[in-house]
Amino acid sequence: HVWTVNVNPHDIQQILNDIINRAFNYFWREPDNPATGFVRDRLLVNGDPAADSNYEKASMAATGFGLSAMCVAAKKYGDGSDPDWQVAPEDLAARVELILDTLLRIQSNQATDGDATWGKSGFFYHFVNINTGENWPNVEVSSIDTAILVAGALTAGEYFKDVNPNVSSKAKQLYANIDWNSFVDYTSNDHYGQFYKQWMPGAQGHNNGHLDYND
């Protein structure tokens, strides 16, 4: 059987706009800590912080997506007449700068003597405390999540450079601070030149480095 469904294109566009708006609002409203601007990894359906042991967990990948979402919101804002898009580009750029300042501070705190509280070689932990930026217990320094984060930062830096020139230079500095070669395997014959996926503190080092590419 062939089923024919008549759908009003205007209705489809309304649905898509609603999905986009709701997605943006997660990135905008959930980084409710003014100290970092980072985005929470997840929320319970009922949104009850008291019942959520991961409520203070921020995700570096989610924060990277959030930085890109700021660009979408600025584009949607237009002339400010749309009631669904009322966050001004100046406020969006200010959030971007807050996040970049926090990331740069974390990189400056990274030590070369083995203290891995803040990350390693410019790379960031997969999850961090949303209030302080310190690593979440028992998680890895992740090349994947760092790459997603930096991609969002560079995108936002380029988009908002005319609104706030600082975000462009800070995004580029964030990228430049990462020692990408430190996460490349130059010792293994089988995987020479491939990126490690992660690094763990202590003796584990670059464990489970490049067994697959599922991310």
# chains A, B, ... in the order shown; residues from 1 in each chain; ligands from 1
>>> residues_around(residues="segment 65-80 of chain A", least_positions_apart="4", cutoff="12 Å", atoms="only C-alpha atoms", output="number ranges by chain")
A: 17, 20-31, 37-41, 58-61, 84-100, 145-161, 163, 167, 171
>>> residues_around(residues="segment 176-186 of chain A", least_positions_apart="4", cutoff="8 Å", atoms="only C-alpha atoms", output="list in words")
Gln107, Ser121, Gly122, Phe123, Ser143, Lys172, His191, Tyr192, Gly193, Gln194, Phe195, Tyr196 and Lys197 of chain A
>>> write_last_selection(atoms="C-alpha atoms", output="PDB file, in the first residue's frame")
ATOM      1  CA  GLN A 107      45.011  25.157  30.352  1.00  0.00           C
ATOM      2  CA  SER A 121      49.152  19.124  27.255  1.00  0.00           C
ATOM      3  CA  GLY A 122      46.265  21.488  26.595  1.00  0.00           C
ATOM      4  CA  PHE A 123      43.751  18.633  26.313  1.00  0.00           C
ATOM      5  CA  SER A 143      41.224  13.871  22.387  1.00  0.00           C
ATOM      6  CA  LYS A 172      42.746  30.750  18.447  1.00  0.00           C
ATOM      7  CA  HIS A 191      49.384   2.340  14.803  1.00  0.00           C
ATOM      8  CA  TYR A 192      52.214   4.740  14.008  1.00  0.00           C
ATOM      9  CA  GLY A 193      50.896   8.238  13.380  1.00  0.00           C
ATOM     10  CA  GLN A 194      47.414   7.573  14.746  1.00  0.00           C
ATOM     11  CA  PHE A 195      45.764   9.641  17.468  1.00  0.00           C
ATOM     12  CA  TYR A 196      45.266   8.221  20.918  1.00  0.00           C
ATOM     13  CA  LYS A 197      41.654   8.451  22.044  1.00  0.00           C
TER      14      LYS A 197
END
>>> closest_residue(among="A:Asn138, A:Ser188, A:Ser168, A:Thr102", to="Pro34 of chain A", atoms="only C-alpha atoms")
A:Thr102
>>> atom_distance(atom1="atom CA of Asp18 of chain A", atom2="atom CA of Ser81 of chain A")
16.4 Å
>>> select_by_dssp(residues="segment 16-202 of chain A", states="alpha helix (DSSP H)", output="PyMOL selection string")
chain A and resi 16-29+60-77+89-109+143-159+165-176
>>> closest_residue(among="A:Asn135, A:Asn164, A:Thr63, A:Ser169", to="Met200 of chain A", atoms="only C-alpha atoms")
A:Asn135
>>> select_by_dssp(residues="chain A", states="strand (DSSP E)", output="ChimeraX atom specification")
/A:57-59,127-129,141-142,198-199
>>> atom_distance(atom1="atom CA of Asn109 of chain A", atom2="atom CA of Thr132 of chain A")
12.0 Å
